[in-house]
file target30.cif (mmCIF, C-alpha atoms and all ligand atoms)
data_run
#
loop_
_atom_site.label_atom_id
_atom_site.label_comp_id
_atom_site.auth_asym_id
_atom_site.auth_seq_id
_atom_site.Cartn_x
_atom_site.Cartn_y
_atom_site.Cartn_z
CA MET W 1 -15.34 -13.88 -18.80
CA ARG W 2 -11.96 -12.64 -17.64
CA LYS W 3 -10.89 -14.13 -14.31
CA PRO W 4 -9.87 -11.33 -11.94
CA LEU W 5 -6.19 -11.17 -11.00
CA ILE W 6 -5.24 -9.72 -7.62
CA ALA W 7 -1.49 -9.10 -7.61
CA GLY W 8 0.63 -7.96 -4.68
CA ASN W 9 3.68 -5.84 -5.43
CA TRP W 10 5.77 -6.06 -2.27
CA LYS W 11 8.34 -3.58 -3.67
CA MET W 12 11.55 -3.33 -1.59
CA ASN W 13 9.90 -4.56 1.61
CA ALA W 14 10.06 -7.65 3.84
CA THR W 15 12.79 -9.82 5.32
CA GLY W 16 13.24 -13.51 4.60
CA GLU W 17 11.18 -14.25 7.66
CA THR W 18 8.32 -11.81 7.03
CA ALA W 19 8.16 -12.74 3.32
CA ALA W 20 7.69 -16.42 4.15
CA ALA W 21 5.16 -15.61 6.87
CA LEU W 22 3.12 -13.34 4.58
CA ALA W 23 3.13 -15.97 1.82
CA ARG W 24 2.08 -18.63 4.34
CA SER W 25 -0.77 -16.56 5.66
CA ILE W 26 -2.10 -15.79 2.15
CA SER W 27 -1.69 -19.41 1.08
CA ASP W 28 -3.49 -20.78 4.14
CA GLN W 29 -6.55 -18.65 3.40
CA SER W 30 -6.42 -18.94 -0.40
CA PRO W 31 -9.00 -21.75 -0.81
CA ALA W 32 -11.75 -19.20 -0.14
CA TYR W 33 -10.63 -17.10 -3.13
CA GLY W 34 -10.70 -19.62 -5.96
CA ALA W 35 -12.73 -17.31 -8.19
CA VAL W 36 -9.73 -14.98 -8.57
CA ASP W 37 -6.07 -15.53 -9.39
CA LEU W 38 -3.80 -14.52 -6.53
CA LEU W 39 -0.22 -13.48 -7.25
CA VAL W 40 2.54 -12.17 -4.98
CA CYS W 41 5.69 -10.44 -6.21
CA PRO W 42 8.37 -10.40 -3.51
CA PRO W 43 11.89 -8.99 -3.91
CA PHE W 44 14.16 -11.26 -6.01
CA CYS W 45 16.15 -12.55 -3.06
CA TYR W 46 13.05 -13.96 -1.36
CA LEU W 47 11.52 -15.59 -4.43
CA GLN W 48 12.76 -19.03 -3.52
CA ALA W 49 11.72 -18.72 0.13
CA VAL W 50 8.24 -17.68 -1.02
CA ALA W 51 8.21 -20.43 -3.66
CA ALA W 52 9.00 -23.03 -0.99
CA VAL W 53 5.92 -21.90 0.94
CA LEU W 54 3.56 -21.61 -2.04
CA GLU W 55 4.65 -24.70 -4.00
CA GLY W 56 1.71 -27.02 -4.62
CA GLY W 57 -0.91 -24.41 -3.75
CA THR W 58 -2.92 -22.02 -5.90
CA VAL W 59 -1.19 -18.73 -5.07
CA LEU W 60 1.18 -17.71 -7.87
CA TRP W 61 4.45 -15.86 -7.45
CA GLY W 62 6.30 -13.49 -9.74
CA ALA W 63 8.98 -10.82 -9.87
CA GLN W 64 9.01 -7.03 -9.96
CA ASN W 65 11.49 -6.60 -12.80
CA MET W 66 13.96 -8.46 -15.04
CA TYR W 67 16.53 -7.76 -17.77
CA HIS W 68 15.84 -8.55 -21.41
CA GLU W 69 19.09 -10.37 -22.22
CA PRO W 70 19.10 -14.15 -21.73
CA GLY W 71 22.40 -14.17 -19.82
CA GLY W 72 25.97 -12.94 -19.75
CA ALA W 73 27.95 -10.01 -18.39
CA PHE W 74 25.13 -7.87 -16.98
CA THR W 75 26.13 -7.29 -13.39
CA GLY W 76 23.23 -7.01 -11.02
CA GLU W 77 20.58 -8.10 -13.50
CA ILE W 78 18.22 -11.11 -13.52
CA SER W 79 16.98 -12.90 -16.66
CA ALA W 80 13.53 -14.19 -17.50
CA ALA W 81 14.88 -17.76 -17.51
CA MET W 82 16.21 -17.30 -13.97
CA LEU W 83 12.77 -16.18 -12.84
CA LYS W 84 11.17 -19.17 -14.55
CA ASP W 85 13.70 -21.36 -12.78
CA CYS W 86 12.43 -19.93 -9.46
CA GLY W 87 8.90 -20.92 -10.46
CA ALA W 88 7.75 -17.40 -11.28
CA THR W 89 4.76 -17.16 -13.63
CA HIS W 90 4.57 -13.37 -13.96
CA VAL W 91 6.85 -10.37 -13.98
CA ILE W 92 5.89 -6.73 -13.41
CA LEU W 93 7.49 -4.52 -16.07
CA GLY W 94 7.65 -0.75 -16.45
CA HIS W 95 6.31 0.03 -13.00
CA SER W 96 6.17 3.79 -12.50
CA GLU W 97 8.94 3.62 -9.91
CA ARG W 98 11.15 1.99 -12.53
CA ARG W 99 10.12 4.52 -15.15
CA HIS W 100 10.39 7.62 -13.00
CA VAL W 101 12.88 6.78 -10.23
CA LEU W 102 15.18 4.45 -12.17
CA GLY W 103 14.83 5.99 -15.61
CA GLU W 104 13.44 3.06 -17.60
CA THR W 105 12.25 3.93 -21.08
CA ASP W 106 9.37 2.50 -23.11
CA GLU W 107 11.98 0.96 -25.42
CA ALA W 108 13.68 -0.89 -22.54
CA ILE W 109 10.30 -2.04 -21.25
CA ASN W 110 9.39 -3.30 -24.71
CA LYS W 111 12.55 -5.43 -24.90
CA LYS W 112 11.73 -6.89 -21.50
CA THR W 113 8.12 -7.57 -22.50
CA LEU W 114 9.20 -9.53 -25.58
CA ALA W 115 11.88 -11.42 -23.63
CA ALA W 116 9.43 -12.31 -20.86
CA HIS W 117 6.99 -13.84 -23.35
CA GLN W 118 9.79 -15.66 -25.12
CA ALA W 119 10.72 -17.32 -21.82
CA GLY W 120 7.09 -18.17 -21.04
CA LEU W 121 6.61 -15.55 -18.32
CA ILE W 122 3.48 -13.38 -18.35
CA PRO W 123 4.45 -9.72 -18.28
CA ILE W 124 2.34 -7.28 -16.28
CA VAL W 125 3.13 -4.10 -18.17
CA CYS W 126 2.41 -0.87 -16.29
CA VAL W 127 1.29 2.38 -17.83
CA GLY W 128 0.16 5.58 -16.14
CA GLU W 129 0.22 9.35 -16.34
CA LEU W 130 1.82 11.90 -14.02
CA LEU W 131 -0.41 14.37 -12.20
CA SER W 132 0.89 17.21 -14.41
CA GLU W 133 -0.03 15.19 -17.50
CA ARG W 134 -3.55 14.52 -16.20
CA GLU W 135 -4.00 18.19 -15.35
CA ALA W 136 -2.86 19.16 -18.83
CA GLY W 137 -5.47 16.87 -20.37
CA GLN W 138 -2.80 14.52 -21.74
CA THR W 139 -3.83 11.28 -20.00
CA GLY W 140 -5.15 9.57 -23.12
CA ALA W 141 -2.14 10.52 -25.23
CA VAL W 142 0.36 9.42 -22.58
CA ILE W 143 -1.33 6.05 -22.11
CA ARG W 144 -1.53 5.44 -25.85
CA ARG W 145 2.12 6.35 -26.31
CA GLN W 146 3.25 4.08 -23.47
CA PHE W 147 1.03 1.28 -24.79
CA ASP W 148 2.28 1.55 -28.37
CA ARG W 149 5.94 1.72 -27.40
CA SER W 150 6.07 -0.68 -24.46
CA LEU W 151 3.96 -3.33 -26.17
CA ALA W 152 5.28 -3.08 -29.72
CA GLY W 153 5.94 -6.22 -31.73
CA LEU W 154 3.56 -8.65 -30.02
CA SER W 155 1.36 -11.06 -31.95
CA ALA W 156 -2.37 -10.84 -31.17
CA GLU W 157 -2.04 -14.09 -29.26
CA LEU W 158 0.75 -12.75 -27.03
CA MET W 159 -1.12 -9.48 -26.59
CA ALA W 160 -4.11 -11.42 -25.30
CA ALA W 161 -1.87 -13.22 -22.80
CA THR W 162 -0.26 -10.00 -21.56
CA VAL W 163 -1.55 -8.29 -18.43
CA ILE W 164 -1.69 -4.49 -18.46
CA ALA W 165 -1.75 -2.46 -15.26
CA TYR W 166 -3.09 1.08 -15.37
CA GLU W 167 -1.43 2.89 -12.49
CA PRO W 168 -1.84 6.67 -12.43
CA VAL W 169 1.46 7.85 -10.96
CA TRP W 170 -0.30 10.37 -8.70
CA ALA W 171 -2.27 7.54 -7.06
CA ILE W 172 0.65 5.25 -6.20
CA GLY W 173 1.52 5.17 -2.52
CA THR W 174 -0.26 8.48 -1.98
CA GLY W 175 -3.61 7.31 -0.63
CA LYS W 176 -5.23 9.22 -3.54
CA VAL W 177 -7.14 6.62 -5.46
CA ALA W 178 -8.52 7.31 -8.92
CA ALA W 179 -12.30 7.62 -8.94
CA PRO W 180 -13.78 4.39 -10.33
CA GLN W 181 -15.14 6.28 -13.33
CA GLN W 182 -11.74 7.92 -13.99
CA ALA W 183 -10.04 4.53 -13.97
CA GLU W 184 -12.78 2.90 -16.03
CA GLU W 185 -12.39 5.53 -18.75
CA VAL W 186 -8.71 4.72 -19.19
CA HIS W 187 -9.32 0.95 -19.04
CA ALA W 188 -12.03 1.20 -21.68
CA ASP W 189 -9.71 3.30 -23.89
CA LEU W 190 -6.98 0.70 -23.54
CA ARG W 191 -9.34 -2.10 -24.51
CA ARG W 192 -10.53 -0.11 -27.54
CA LEU W 193 -6.93 0.46 -28.51
CA ILE W 194 -6.17 -3.27 -28.34
CA SER W 195 -9.17 -3.94 -30.51
CA GLU W 196 -7.94 -1.41 -33.08
CA ARG W 197 -4.29 -2.47 -33.07
CA TYR W 198 -4.91 -6.24 -32.77
CA ASN W 199 -8.45 -7.61 -32.82
CA ALA W 200 -11.63 -7.82 -30.78
CA GLY W 201 -10.76 -11.27 -29.45
CA ALA W 202 -7.46 -10.10 -27.98
CA ALA W 203 -9.16 -7.01 -26.53
CA ASP W 204 -11.77 -9.18 -24.91
CA GLN W 205 -9.24 -11.55 -23.35
CA VAL W 206 -6.59 -9.19 -22.04
CA ARG W 207 -6.70 -8.49 -18.33
CA ILE W 208 -6.29 -4.84 -17.38
CA LEU W 209 -5.55 -4.26 -13.69
CA TYR W 210 -5.93 -1.01 -11.81
CA GLY W 211 -3.19 0.01 -9.38
CA GLY W 212 -2.70 3.00 -7.11
CA SER W 213 -3.80 3.06 -3.46
CA VAL W 214 -6.15 0.07 -3.80
CA LYS W 215 -7.37 -0.73 -0.27
CA PRO W 216 -10.06 -3.00 1.20
CA ASP W 217 -12.47 -0.07 1.41
CA ASN W 218 -12.22 1.06 -2.22
CA ALA W 219 -11.59 -2.26 -4.00
CA ALA W 220 -15.21 -3.30 -4.57
CA GLU W 221 -16.16 -0.11 -6.38
CA LEU W 222 -13.08 -0.22 -8.59
CA LEU W 223 -13.42 -3.91 -9.39
CA ALA W 224 -17.11 -3.45 -10.25
CA GLN W 225 -16.14 -1.43 -13.31
CA PRO W 226 -16.66 -3.48 -16.47
CA ASN W 227 -13.14 -3.01 -17.81
CA ILE W 228 -11.23 -3.39 -14.53
CA ASP W 229 -10.11 -7.00 -14.29
CA GLY W 230 -8.18 -6.96 -11.06
CA ALA W 231 -5.77 -4.95 -8.98
CA LEU W 232 -2.04 -4.40 -8.64
CA VAL W 233 -1.69 -3.69 -4.94
CA GLY W 234 1.34 -2.12 -3.26
CA GLY W 235 1.03 -1.04 0.37
CA ALA W 236 -2.07 -3.08 1.16
CA SER W 237 -0.44 -6.28 -0.16
CA LEU W 238 1.96 -6.33 2.79
CA LYS W 239 -0.81 -7.34 5.18
CA ALA W 240 -2.45 -10.68 4.40
CA ASP W 241 -5.82 -9.56 5.74
CA ASP W 242 -5.91 -6.40 3.62
CA PHE W 243 -4.70 -8.21 0.50
CA LEU W 244 -7.32 -10.92 0.95
CA ALA W 245 -10.06 -8.38 1.65
CA ILE W 246 -9.26 -6.93 -1.79
CA ALA W 247 -9.35 -10.46 -3.21
CA ALA W 248 -12.73 -10.95 -1.55
CA ALA W 249 -14.10 -7.94 -3.44
CA GLY W 250 -12.90 -9.56 -6.68
CA THR W 251 -14.34 -12.92 -5.66
CA LEU W 252 -17.80 -11.47 -5.14
CA LEU W 253 -17.77 -9.84 -8.55
CA ALA W 254 -16.34 -12.84 -10.34
CA GLY W 255 -19.36 -14.88 -9.38
CA ASP W 256 -21.67 -12.15 -10.56
CA ASP W 257 -20.89 -11.46 -14.21
CA VAL W 258 -24.53 -11.12 -15.25
CA ASP W 259 -25.10 -8.25 -12.88
CA ARG W 260 -21.80 -6.57 -13.56
CA PRO W 261 -22.66 -2.97 -14.43
CA GLN W 262 -21.83 -1.94 -17.99
CA THR W 263 -21.62 1.73 -17.12
CA ARG W 264 -21.56 3.67 -13.93
P1 LIG S 301 0.11 1.32 -3.76
O1 LIG S 301 1.12 0.83 -4.93
O2 LIG S 301 -1.01 0.31 -3.72
O3 LIG S 301 0.93 1.34 -2.52
O4 LIG S 301 -0.38 2.66 -4.16
C1 LIG S 301 0.63 0.27 -6.12
C2 LIG S 301 1.77 -0.07 -7.01
O5 LIG S 301 2.77 0.65 -7.01
O6 LIG S 301 1.74 -1.08 -7.75
#

call {"tool": "encode", "arguments": {"input": "target30.cif", "output": "structure tokens"}}
result
Amino acid sequence: MRKPLIAGNWKMNATGETAAALARSISDQSPAYGAVDLLVCPPFCYLQAVAAVLEGGTVLWGAQNMYHEPGGAFTGEISAAMLKDCGATHVILGHSERRHVLGETDEAINKKTLAAHQAGLIPIVCVGELLSEREAGQTGAVIRRQFDRSLAGLSAELMAATVIAYEPVWAIGTGKVAAPQQAEEVHADLRRLISERYNAGAADQVRILYGGSVKPDNAAELLAQPNIDGALVGGASLKADDFLAIAAAGTLLAGDDVDRPQTR
């Protein structure tokens, strides 16, 4: 049984003070959510402030990006080892804002994915189609291409340890959430693909998160899908109560694997 992962992507939000307060509030209430993994990803400059709050508890922290090189003359970049040094366990890679606003390619994301694993960080690799691609019936092809290119060169063992986030670009920050069945279709395709490219064991272990306008009122239905193993939450992760309400939906399902619907 895959343990649900509820990850908060704070994006370029918060101040030192609000970041620490948000982490504190999540941490204080976290004992009620032991059935899921909780992760927060603040901006780089607040990682240590958040780490100081979360140290010794169960809430994990990670970053929103990194560079693939181990060190050197790369002005403005942050390495995987630096993130590890800040206590990060995870790093989000290839988020749609990095792909589409900042021009990151699958090849760059692949280098980062390999470097993250090499440093012992778990990459959360994002894939997702544009609205125009969905409307043109290209969703499956786009996801497969992003998967094959962004995740090339992994062993089956590292594939199993990787987290994938399916985030349809048209659903991010728009309030337009994918219908649970729409999301489930892509998640099931991804798991089939992992089984084909690697093996059934890796496919069974890998956690595939859904992201894109996940809110307390739609989380339960999404998380009830058999191939949705958690959520990557943007806007709603900035309020502890909303983030934890999403975690609560995951907690209920985690304790209920027998009744988890196989189809919907
Ligand atoms: P959203 O963002 O929840 O605000 O739509 C999700 C994401 O970008 O990871």

call {"tool": "residues_near_ligand", "arguments": {"input": "target30.cif", "ligand": "ligand LIG 301 (chain S)", "cutoff": "10 Å", "atoms": "only C-alpha atoms and all ligand atoms", "output": "VMD selection string"}}
result
chain W and resid 7 to 11 64 92 95 to 97 126 165 to 177 209 to 215 231 to 238

call {"tool": "residues_near_point", "arguments": {"input": "target30.cif", "point": "(-5.5, -19.3, 4.6)", "cutoff": "12 Å", "atoms": "all atoms listed in the file", "output": "PyMOL selection string"}}
result
chain W and resi 21-34+54+57-59+240-241+243-244

call {"tool": "atom_distance", "arguments": {"input": "target30.cif", "atom1": "atom CA of W:Leu38", "atom2": "atom CA of W:Leu60"}}
result
6.1 Å

call {"tool": "closest_residue", "arguments": {"input": "target30.cif", "among": "W:Ala219, W:Leu47, W:Ala116, W:Leu102", "to": "W:Ala248", "atoms": "only C-alpha atoms"}}
result
W:Ala219

call {"tool": "axis_aligned_box", "arguments": {"input": "target30.cif", "around": "stretch 202-209 of chain W", "padding_each_side": "4 Å", "output": "JSON"}}
result
{"center_x": -8.7, "center_y": -7.9, "center_z": -20.8, "size_x": 14.2, "size_y": 15.3, "size_z": 22.3}

call {"tool": "atom_distance", "arguments": {"input": "target30.cif", "atom1": "atom CA of W:Ala179", "atom2": "atom CA of W:Ile194"}}
result
23.1 Å

call {"tool": "residues_around", "arguments": {"input": "target30.cif", "residues": "stretch 216-218 of chain W", "least_positions_apart": "5", "cutoff": "7 Å", "atoms": "only C-alpha atoms", "output": "ChimeraX atom specification"}}
result
/W:242,245-246

call {"tool": "atom_distance", "arguments": {"input": "target30.cif", "atom1": "atom CA of W:Gln118", "atom2": "atom CA of W:Thr105"}}
result
20.2 Å

call {"tool": "residues_around", "arguments": {"input": "target30.cif", "residues": "W:Lys84", "least_positions_apart": "2", "cutoff": "10 Å", "atoms": "only C-alpha atoms", "output": "list in words"}}
result
Gly62, Ala63, Ser79, Ala80, Ala81, Met82, Cys86, Gly87, Ala88, Thr89, His90, Val91, Ala116, Ala119, Gly120 and Leu121 of chain W

call {"tool": "closest_atom_pairs", "arguments": {"input": "target30.cif", "of": "stretch 71-109 of chain W", "to": "stretch 136-152 of chain W", "cutoff": "8 Å", "atoms": "only C-alpha atoms", "output": "CSV"}}
result
residue,atom,partner,partner_atom,distance
W:Asp106,CA,W:Ser150,CA,4.8
W:Glu107,CA,W:Ser150,CA,6.2
W:Ala108,CA,W:Ser150,CA,7.9
W:Ile109,CA,W:Ser150,CA,5.5

call {"tool": "write_last_selection", "arguments": {"input": "target30.cif", "atoms": "C-alpha atoms", "output": "mmCIF file, keeping the file's coordinate frame"}}
result
data_model
loop_
_atom_site.group_PDB
_atom_site.id
_atom_site.type_symbol
_atom_site.label_atom_id
_atom_site.label_comp_id
_atom_site.auth_asym_id
_atom_site.auth_seq_id
_atom_site.Cartn_x
_atom_site.Cartn_y
_atom_site.Cartn_z
ATOM 1 C CA ASP W 106 9.370 2.500 -23.110
ATOM 2 C CA GLU W 107 11.980 0.960 -25.420
ATOM 3 C CA ALA W 108 13.680 -0.890 -22.540
ATOM 4 C CA ILE W 109 10.300 -2.040 -21.250
#

call {"tool": "closest_residue", "arguments": {"input": "target30.cif", "among": "W:Gly76, W:Pro180, W:Pro42, W:Gly128", "to": "W:Ile228", "atoms": "all atoms listed in the file"}}
result
W:Pro180

call {"tool": "decode", "arguments": {"input": "target30.cif", "residues": "stretch 1-35 of chain W", "atoms": "C-alpha atoms", "output": "CSV table (one decimal), in the first residue's frame"}}
result
chain,number,residue,atom,x,y,z
W,1,MET,CA,0.0,0.0,0.0
W,2,ARG,CA,1.4,3.4,-1.0
W,3,LYS,CA,1.4,5.9,1.8
W,4,PRO,CA,-0.3,9.1,0.6
W,5,LEU,CA,2.0,12.2,0.3
W,6,ILE,CA,0.4,15.6,0.7
W,7,ALA,CA,2.9,18.2,-0.5
W,8,GLY,CA,2.6,22.0,-0.2
W,9,ASN,CA,4.3,24.1,-2.9
W,10,TRP,CA,4.5,27.5,-1.5
W,11,LYS,CA,5.9,29.0,-4.7
W,12,MET,CA,7.2,32.5,-4.4
W,13,ASN,CA,5.1,33.4,-1.4
W,14,ALA,CA,5.6,34.1,2.3
W,15,THR,CA,8.0,36.1,4.4
W,16,GLY,CA,10.4,34.8,7.0
W,17,GLU,CA,7.8,35.4,9.6
W,18,THR,CA,4.8,33.9,7.8
W,19,ALA,CA,6.8,30.9,6.6
W,20,ALA,CA,7.8,30.0,10.2
W,21,ALA,CA,4.3,30.5,11.4
W,22,LEU,CA,2.8,28.4,8.7
W,23,ALA,CA,5.3,25.6,9.4
W,24,ARG,CA,4.6,25.9,13.1
W,25,SER,CA,0.9,25.6,12.7
W,26,ILE,CA,1.1,22.6,10.4
W,27,SER,CA,3.6,20.9,12.7
W,28,ASP,CA,1.5,21.5,15.8
W,29,GLN,CA,-1.4,19.7,14.2
W,30,SER,CA,0.5,17.0,12.4
W,31,PRO,CA,0.1,14.2,15.0
W,32,ALA,CA,-3.4,13.7,13.8
W,33,TYR,CA,-2.2,13.0,10.2
W,34,GLY,CA,0.2,10.2,10.8
W,35,ALA,CA,-1.3,8.0,8.0
